[in-house]
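Taking it in order: structure first as structure tokens, then the write-up.
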Amino acid sequence: MNQDLVGITVVSVEQAVAAPYVSSRLADAGARVIKVERPEGDFARDYDNLVCGESAYFVWLNRGKESICLDLRRSGDAAILENMVAQADIFIQNLKSGSLGKLGFHPKELRERYPSLICCSISGFGSDGPRAHLKAYDLIVQAEAGLCSITGTEDGPSRVGVSVCDIAAGMNAHAAILQALFARERTKRGRLIEISLFDALADWMNVPFLQEIYGGRETKRIGVNHASLSPYGAYGCRDGVTLVFSVQNAREWISFCDVFLGRPEVAMDDLYATNMARLQNREALDTLISARFFSLDAEEAIRLLEQSGIAYGRLNKISDLAEHPHLRRSAIKMDAETIDIISPAPVIDGTRITLGRVPKKDEHGLSLRDEFGKT
């Protein structure tokens with residue numbers, strides 16, 4: 001945990017992934033994060049019990065926070081939340097659209113009561129429009145935004161294997177909150193931020209959107225291959241190892257044909273000379289490239305790819321990731337256990353980040369009630 005946000009208090013009425021993602025990053029930076037859970041706790045606590053009896057999702061996203069369970073339908077608990085918000089710098093929530101408003105905590109009203117407060121609401125489809133009232137989870141939004149339609153193989157669409165909608169929304173919310181904190185230093189005023197999972201993912205869909213709407217080119221599902229660049233994908237070697245490599249420009253294409261394929265004439269063939277030509281003739285090109293990879297063991301293929309100046313990687317499993325030489329880990333304490341988690345991406349001034357411990361349900365309830373229960 002670094003000290004950049006020490007002195008900043010965050011109150012987050014949160015559940016699942018998107019809002020906890022934001023608040024966990026603020027906690028990593030030194031902010032005090034008070035996690036407000038339902039009386040039964042954040043339902044993400046029960047997704048699984050695979051990490052020393054705790055949910056993998058919860059462990060990942062709730063380090064460094066204080067936990068209190070509140071029933072906001074009760075006046076006493078609502079008063080505690082009000083007192084917390086009155087002293088907070090940032091208020092985050094990702095309950096079903098309109099839920100907090102019915103309980104007297106609509107973000108717009110909070111902004112009126114506390115002008116310096118930064119409010120961030122995360123929802124499925126935003127605060128207005130025909131689907132604003134719907135619950136929305138990651139896979140639902142992947143489907144709605146068209147991501148599933150371009151993910152998978154010819155046999156059918158697929159979900160991206162991690163919660164990309166939640167993470168995209170969380171990343172956008174994190175950036176917007178930090179921007180709002182910077183602006184508040186100048187204006188002394190807070191800000192109302194709205195982030196929807198749909199908007200966050202739809203922004204990521206701009207390339208296939210622009211290609212189809214303006215260029216008439218529909219993105220096809222092609223498995224572990226790139227839909228817009230060729231050759232760029234996965235190829236099996238003689239020893240059973242699968243490598244992924246990418247040609248990005250004309251110079252690399254010429255070098256690949258000369259050094260790796262050993263057939264420099266292919267680079268100038270009208271069927272393959274440009275990226276668009278290679279996409280149009282992808283099946284024939286893949287047959288040629290696949291045959292070459294299958295004639296080589298992985299280490300020999302890697303040597304030739306490096307000699308060609310071509311980017312490559314291995315098609316790894318999670319067990320391979322666990323042994324990856326570039327994987328950075330950070331320790332997290334959980335009650336009596338300490339586990340390793342994959343480290344957050346930023347490396348700041350070369351320092352190793354220290355992560356806070358994962359709270360038990362309502363672990364700080366008594367102390368927080370004592371602190372904020374006074375009128």
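In the structure tokens, each chain is lettered A, B, ... as it comes, each chain's residues begin at 1, and ligands are numbered from 1 in order of appearance.
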
Among the residues of segment 27-212 of chain A, find those DSSP assigns to strand (DSSP E) from the backbone and print them as a PyMOL selection string. chain A and resi 32-37+65-69+90-93+118-123+152-153+156-157+191-196

Residue selection dump (N, CA and C atoms) as a PDB file, in the first residue's frame:
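Saved as again-v5.pdb:
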```pdb
ATOM      1  N   ARG A  32      -8.592   5.306   2.897  1.00  0.00           N
ATOM      2  CA  ARG A  32      -9.392   4.520   3.821  1.00  0.00           C
ATOM      3  C   ARG A  32     -10.673   4.128   3.094  1.00  0.00           C
ATOM      4  N   VAL A  33     -10.905   2.848   2.929  1.00  0.00           N
ATOM      5  CA  VAL A  33     -12.072   2.367   2.204  1.00  0.00           C
ATOM      6  C   VAL A  33     -12.980   1.611   3.169  1.00  0.00           C
ATOM      7  N   ILE A  34     -14.200   2.123   3.317  1.00  0.00           N
ATOM      8  CA  ILE A  34     -15.206   1.472   4.152  1.00  0.00           C
ATOM      9  C   ILE A  34     -16.173   0.759   3.214  1.00  0.00           C
ATOM     10  N   LYS A  35     -16.174  -0.545   3.290  1.00  0.00           N
ATOM     11  CA  LYS A  35     -17.036  -1.372   2.442  1.00  0.00           C
ATOM     12  C   LYS A  35     -18.346  -1.621   3.178  1.00  0.00           C
ATOM     13  N   VAL A  36     -19.432  -1.136   2.614  1.00  0.00           N
ATOM     14  CA  VAL A  36     -20.751  -1.337   3.201  1.00  0.00           C
ATOM     15  C   VAL A  36     -21.406  -2.534   2.516  1.00  0.00           C
ATOM     16  N   GLU A  37     -21.687  -3.564   3.295  1.00  0.00           N
ATOM     17  CA  GLU A  37     -22.295  -4.779   2.771  1.00  0.00           C
ATOM     18  C   GLU A  37     -23.726  -4.934   3.267  1.00  0.00           C
ATOM     19  N   LYS A  65      -9.650  -3.158   3.003  1.00  0.00           N
ATOM     20  CA  LYS A  65     -10.883  -2.432   3.302  1.00  0.00           C
ATOM     21  C   LYS A  65     -11.374  -2.753   4.718  1.00  0.00           C
ATOM     22  N   GLU A  66     -12.206  -1.858   5.229  1.00  0.00           N
ATOM     23  CA  GLU A  66     -12.958  -2.122   6.451  1.00  0.00           C
ATOM     24  C   GLU A  66     -14.361  -2.563   6.046  1.00  0.00           C
ATOM     25  N   SER A  67     -14.912  -3.547   6.734  1.00  0.00           N
ATOM     26  CA  SER A  67     -16.222  -4.085   6.386  1.00  0.00           C
ATOM     27  C   SER A  67     -17.244  -3.805   7.478  1.00  0.00           C
ATOM     28  N   ILE A  68     -18.408  -3.307   7.040  1.00  0.00           N
ATOM     29  CA  ILE A  68     -19.536  -3.149   7.944  1.00  0.00           C
ATOM     30  C   ILE A  68     -20.796  -3.594   7.209  1.00  0.00           C
ATOM     31  N   CYS A  69     -21.642  -4.343   7.883  1.00  0.00           N
ATOM     32  CA  CYS A  69     -22.924  -4.759   7.317  1.00  0.00           C
ATOM     33  C   CYS A  69     -24.013  -3.824   7.838  1.00  0.00           C
ATOM     34  N   ILE A  90     -15.192  10.346  -1.199  1.00  0.00           N
ATOM     35  CA  ILE A  90     -15.671   9.595  -2.370  1.00  0.00           C
ATOM     36  C   ILE A  90     -16.765   8.640  -1.925  1.00  0.00           C
ATOM     37  N   PHE A  91     -17.837   8.596  -2.693  1.00  0.00           N
ATOM     38  CA  PHE A  91     -18.922   7.642  -2.458  1.00  0.00           C
ATOM     39  C   PHE A  91     -19.118   6.828  -3.724  1.00  0.00           C
ATOM     40  N   ILE A  92     -19.067   5.508  -3.599  1.00  0.00           N
ATOM     41  CA  ILE A  92     -19.202   4.595  -4.737  1.00  0.00           C
ATOM     42  C   ILE A  92     -20.375   3.675  -4.466  1.00  0.00           C
ATOM     43  N   GLN A  93     -21.132   3.346  -5.500  1.00  0.00           N
ATOM     44  CA  GLN A  93     -22.199   2.364  -5.328  1.00  0.00           C
ATOM     45  C   GLN A  93     -22.474   1.654  -6.646  1.00  0.00           C
ATOM     46  N   ILE A 118     -17.361  13.385  -4.140  1.00  0.00           N
ATOM     47  CA  ILE A 118     -17.271  12.745  -5.461  1.00  0.00           C
ATOM     48  C   ILE A 118     -18.108  11.481  -5.410  1.00  0.00           C
ATOM     49  N   CYS A 119     -19.165  11.438  -6.201  1.00  0.00           N
ATOM     50  CA  CYS A 119     -20.059  10.281  -6.237  1.00  0.00           C
ATOM     51  C   CYS A 119     -19.852   9.511  -7.534  1.00  0.00           C
ATOM     52  N   CYS A 120     -19.727   8.218  -7.427  1.00  0.00           N
ATOM     53  CA  CYS A 120     -19.565   7.371  -8.610  1.00  0.00           C
ATOM     54  C   CYS A 120     -20.562   6.223  -8.540  1.00  0.00           C
ATOM     55  N   SER A 121     -21.437   6.175  -9.534  1.00  0.00           N
ATOM     56  CA  SER A 121     -22.421   5.092  -9.626  1.00  0.00           C
ATOM     57  C   SER A 121     -22.083   4.203 -10.810  1.00  0.00           C
ATOM     58  N   ILE A 122     -22.070   2.901 -10.567  1.00  0.00           N
ATOM     59  CA  ILE A 122     -21.805   1.919 -11.616  1.00  0.00           C
ATOM     60  C   ILE A 122     -23.057   1.072 -11.801  1.00  0.00           C
ATOM     61  N   SER A 123     -23.510   0.968 -13.044  1.00  0.00           N
ATOM     62  CA  SER A 123     -24.737   0.227 -13.333  1.00  0.00           C
ATOM     63  C   SER A 123     -24.540  -0.613 -14.583  1.00  0.00           C
ATOM     64  N   GLY A 152     -14.935 -16.710 -29.921  1.00  0.00           N
ATOM     65  CA  GLY A 152     -15.227 -18.132 -30.067  1.00  0.00           C
ATOM     66  C   GLY A 152     -14.702 -18.664 -31.386  1.00  0.00           C
ATOM     67  N   THR A 153     -15.360 -19.652 -31.919  1.00  0.00           N
ATOM     68  CA  THR A 153     -14.941 -20.279 -33.168  1.00  0.00           C
ATOM     69  C   THR A 153     -16.122 -20.307 -34.139  1.00  0.00           C
ATOM     70  N   GLY A 156     -19.487 -21.545 -32.814  1.00  0.00           N
ATOM     71  CA  GLY A 156     -20.420 -20.767 -32.025  1.00  0.00           C
ATOM     72  C   GLY A 156     -19.744 -19.691 -31.208  1.00  0.00           C
ATOM     73  N   PRO A 157     -20.551 -18.747 -30.669  1.00  0.00           N
ATOM     74  CA  PRO A 157     -20.010 -17.649 -29.861  1.00  0.00           C
ATOM     75  C   PRO A 157     -19.560 -18.130 -28.497  1.00  0.00           C
ATOM     76  N   ARG A 191     -18.028  15.837  -7.762  1.00  0.00           N
ATOM     77  CA  ARG A 191     -18.451  15.523  -9.126  1.00  0.00           C
ATOM     78  C   ARG A 191     -19.367  14.296  -9.082  1.00  0.00           C
ATOM     79  N   LEU A 192     -20.294  14.254 -10.013  1.00  0.00           N
ATOM     80  CA  LEU A 192     -21.184  13.111 -10.158  1.00  0.00           C
ATOM     81  C   LEU A 192     -20.737  12.300 -11.360  1.00  0.00           C
ATOM     82  N   ILE A 193     -20.326  11.058 -11.127  1.00  0.00           N
ATOM     83  CA  ILE A 193     -19.795  10.192 -12.175  1.00  0.00           C
ATOM     84  C   ILE A 193     -20.736   9.013 -12.356  1.00  0.00           C
ATOM     85  N   GLU A 194     -21.067   8.719 -13.591  1.00  0.00           N
ATOM     86  CA  GLU A 194     -21.872   7.533 -13.906  1.00  0.00           C
ATOM     87  C   GLU A 194     -21.101   6.668 -14.907  1.00  0.00           C
ATOM     88  N   ILE A 195     -20.983   5.413 -14.577  1.00  0.00           N
ATOM     89  CA  ILE A 195     -20.304   4.447 -15.441  1.00  0.00           C
ATOM     90  C   ILE A 195     -21.235   3.255 -15.620  1.00  0.00           C
ATOM     91  N   SER A 196     -21.452   2.857 -16.860  1.00  0.00           N
ATOM     92  CA  SER A 196     -22.222   1.632 -17.075  1.00  0.00           C
ATOM     93  C   SER A 196     -21.317   0.560 -17.666  1.00  0.00           C
TER      94      SER A 196
END
```

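Taking atom CA of Leu50 of chain A and atom CA of Ala336 of chain A as endpoints, the distance between them is 15.6 Å.
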
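Of the residues in segment 83-162 of chain A, those given helix (DSSP H, G or I) by DSSP on the backbone are A:Asn83, A:Met84, A:Val85, A:Ala86, A:Gln87, A:Ser99, A:Leu100, A:Gly101, A:Lys102, A:Pro107, A:Lys108, A:Glu109, A:Leu110, A:Arg111, A:Glu112, A:Arg113, A:Asp138, A:Leu139, A:Ile140, A:Val141, A:Gln142, A:Ala143, A:Glu144, A:Cys148, A:Ser149, A:Ile150.
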
Do you know which residues are at most 8 Å from Val244 of chain A counting only C-alpha atoms, after dropping those on the same chain fewer than 4 positions away, and could you put them as a list in words? Tyr232, Gly233, Ala234, Tyr235, Tyr312, Gly313, Arg314 and Leu315 of chain A

Residues near segment 162-172 of chain A, anyone? I mean within 6 Å using only C-alpha atoms, not counting same-chain ones fewer than 4 positions away, as number ranges by chain. A: 17-18, 21-22, 138, 197, 200-201

Expected file: the selected residues, N, CA, C and O atoms, as an mmCIF file, in the first residue's frame:
```
data_model
loop_
_atom_site.group_PDB
_atom_site.id
_atom_site.type_symbol
_atom_site.label_atom_id
_atom_site.label_comp_id
_atom_site.auth_asym_id
_atom_site.auth_seq_id
_atom_site.Cartn_x
_atom_site.Cartn_y
_atom_site.Cartn_z
ATOM 1 N N VAL A 17 -18.232 -7.291 -8.542
ATOM 2 C CA VAL A 17 -16.889 -7.067 -9.094
ATOM 3 C C VAL A 17 -16.584 -5.601 -9.406
ATOM 4 O O VAL A 17 -15.551 -5.075 -8.991
ATOM 5 N N ALA A 18 -17.443 -4.914 -10.161
ATOM 6 C CA ALA A 18 -17.065 -3.617 -10.730
ATOM 7 C C ALA A 18 -16.706 -2.578 -9.668
ATOM 8 O O ALA A 18 -15.618 -1.992 -9.702
ATOM 9 N N TYR A 21 -13.702 -3.519 -7.555
ATOM 10 C CA TYR A 21 -12.452 -3.311 -8.299
ATOM 11 C C TYR A 21 -11.945 -1.894 -8.075
ATOM 12 O O TYR A 21 -10.767 -1.674 -7.785
ATOM 13 N N VAL A 22 -12.841 -0.906 -8.210
ATOM 14 C CA VAL A 22 -12.440 0.499 -8.042
ATOM 15 C C VAL A 22 -11.911 0.738 -6.638
ATOM 16 O O VAL A 22 -10.815 1.281 -6.441
ATOM 17 N N ASP A 138 -21.888 -9.494 -15.940
ATOM 18 C CA ASP A 138 -20.845 -9.434 -16.963
ATOM 19 C C ASP A 138 -21.210 -10.164 -18.251
ATOM 20 O O ASP A 138 -21.132 -9.589 -19.339
ATOM 21 N N LEU A 197 -21.620 -0.686 -17.316
ATOM 22 C CA LEU A 197 -20.869 -1.802 -17.888
ATOM 23 C C LEU A 197 -21.004 -1.793 -19.406
ATOM 24 O O LEU A 197 -20.030 -2.049 -20.127
ATOM 25 N N ALA A 200 -18.789 0.934 -20.965
ATOM 26 C CA ALA A 200 -17.371 0.605 -20.829
ATOM 27 C C ALA A 200 -16.946 -0.421 -21.862
ATOM 28 O O ALA A 200 -15.892 -0.286 -22.496
ATOM 29 N N LEU A 201 -17.769 -1.446 -22.061
ATOM 30 C CA LEU A 201 -17.404 -2.477 -23.025
ATOM 31 C C LEU A 201 -17.661 -2.018 -24.452
ATOM 32 O O LEU A 201 -16.886 -2.346 -25.362
#
```
